[in-house]
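Working notes for the structure below.
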2 protein chains.
Amino acid sequence: MNSLTNILLPEPTLRRLPWYLAYVDILRHKGVKHVSSTRISKALSVDASQIAKDLSFLGVKGRTRIGYEVNDLSRALGDFLGFSHQHRAYVIGCGSLGNALIRDSGLSNYGLQIVAGFDISPNVTGRDDLGVPIRDINAIYEEMKHNPAEIAILTVPPEVAQESADIAVGAGIKAIWNFTPYRVKVAEGVVMANTSIYSHLALIFTRLNSLQ
Amino acid sequence: MNSLTNILLPEPTLRRLPWYLAYVDILRHKGVKHVSSTRISKALSVDASQIAKDLSFLGVKGRTRIGYEVNDLSRALGDFLGFSHQHRAYVIGCGSLGNALIRDSGLSNYGLQIVAGFDISPNVTGRDDLGVPIRDINAIYEEMKHNPAEIAILTVPPEVAQESADIAVGAGIKAIWNFTPYRVKVAEGVVMANTSIYSHLALIFTRLNSLQ
């Protein structure tokens with residue numbers, strides 16, 4: 001592991017780095033060898049000096065008049081972002097969204113490997129058609145022993161979001177990826193990321209409405 | 001439609017409103033009749049005066065010593081956010097994530113109704129096991145005539161994200177919900193929302209790594 005990854009990058013930089021990676025990978029697949037920050041800037045509408053600054057966090061430097069080596073930049077970004085090796089995760093709440101995430105094999109291309117699901121409904125637990133075991137939430141402590149994970153993906157109903165996060169953290173989970181609209185609180189030292197799909201829906205609906 | 005919905009709320013307010021709704025709905029299901037901004041504030045760690053300000057955009061006012069009526073507040077938030085009536089959407093790109101979103105019946109509880117999917121792969125188009133028709137992307141213009149939609153959910157590979165968005169907008173789509181890591185550009189007047197699941201993964205992975 002590169003010691004640079006211990007630097008806590010600001011969130012806006014972290015948000016932009018996957019954009020650069022997506023763009024650079026498109027160039028790589030086209031066989032392009034070099035790319036300038038100006039070219040990335042035009043494609044993504046991000047200021048070229050901002051791009052150079054963001055990439056300098058990774059220890060990647062472009063060469064005058066040549067730019068960045070596309071292969072090197074792609075590898076450096078993938079490694080830095082953690083997409084190049086697998087991180088083990090549980091899905092807590094195997095309703096429609098949890099189920100969908102378990103089925104979304106594409107996440108493993110970005111370093112996320114779902115190794116088990118948990119639920120409280122006997123209709124769901126014990127299923128084996130999803131490729132990972134679905135167990136009762138109370139079995140999470142036991143599961144940790146032989147099939148551990150560090151990330152819990154929270155896709156439960158909002159009214160049990162906090163309780164579910166508490167159980168997961170109690171069992172040894174180090175990061176919560178919260179898909180519920182409930183603001184879950186975790187102890188310091190536990191990583192928390194919110195993917196607010198309902199906020200994004202609200203943004204779309206209200207903006208659409210304002211167009212009419 | 002309430003004329004208040006034509007106000008373009010700032011994004012941070014729009015992001016918080018679904019949190020309030022999730023919390024208020026929990027209280028509603030518990031049979032709680034009134035809630036103060038102080039109570040919401042404690043539950044969600046949002047400043048009480050900020051909550052009162054956010055809710056005033058909706059024309060909802062709390063009463064001194066009583067607070068907000070839980071039922072009224074829930075209805076006002078759901079209506080304002082657009083969750084109370086269905087918005088028609090296409091999924092563009094029916095790979096693992098697109099497929100998963102089509103299967104996620106929970107989105108319809110938040111006002112999103114997926115009415116068709118589009119892809120370029122003959123292995124995917126023509127499938128009818130997902131409950132909605134999956135058609136070739138070139139059939140989008142025709143589909144618009146008899147099974148229209150205003151929102152396109154973009155779940156294609158990044159290298160065809162821009163092209164796919166252009167086709168969707170050309171066919172009459174008014175809003176793009178971009179799940180790809182590519183920064184898609186749209187003409188002014190087209191609503192754009194990015195759900196950057198890869199950025200959130202990167203955030204989790206790099207923060208986890210810094211803990212070690």
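Going through the structure tokens in order, the chains are called A, B, and so on, while each chain numbers its residues from 1 and the ligands are numbered from 1 in the order shown.
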With a cut-off of 7 Å and counting only C-alpha atoms, select all residues of chain A in contact with chain B and give the selection as a PyMOL selection string.
chain A and resi 5-6+14-15+18-19+22-23+26+44+81-82+96-97+100-101+103-106+158-159+175+181-183+191+193+198-200+202-210
If I take atom CA of B:Ile137 and atom CA of B:Ile114, how far is one from the other in Å, to one decimal?
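A separation of 15.5 Å between them.
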Near B:Gly117, within 7 Å and counting only C-alpha atoms, which residues show up once chain neighbours fewer than 2 positions away are dropped, as a count of residues only?
9
One number please: atom CA of A:Gly131 to atom CA of A:Ile173, in Å, one decimal.
21.4 Å
Taking the DSSP assignment computed from this structure's backbone, write out as a list in words all residues of stretch 6-170 of chain B that belong to strand (DSSP E).
His34, Val35, Tyr68, Glu69, His87, Arg88, Ala89, Tyr90, Val91, Ile92, Leu112, Gln113, Ile114, Val115, Ala116, Gly117, Phe118, Asp119, Ile134, Arg135, Asp136, Ile151, Ala152, Ile153 and Leu154 of chain B
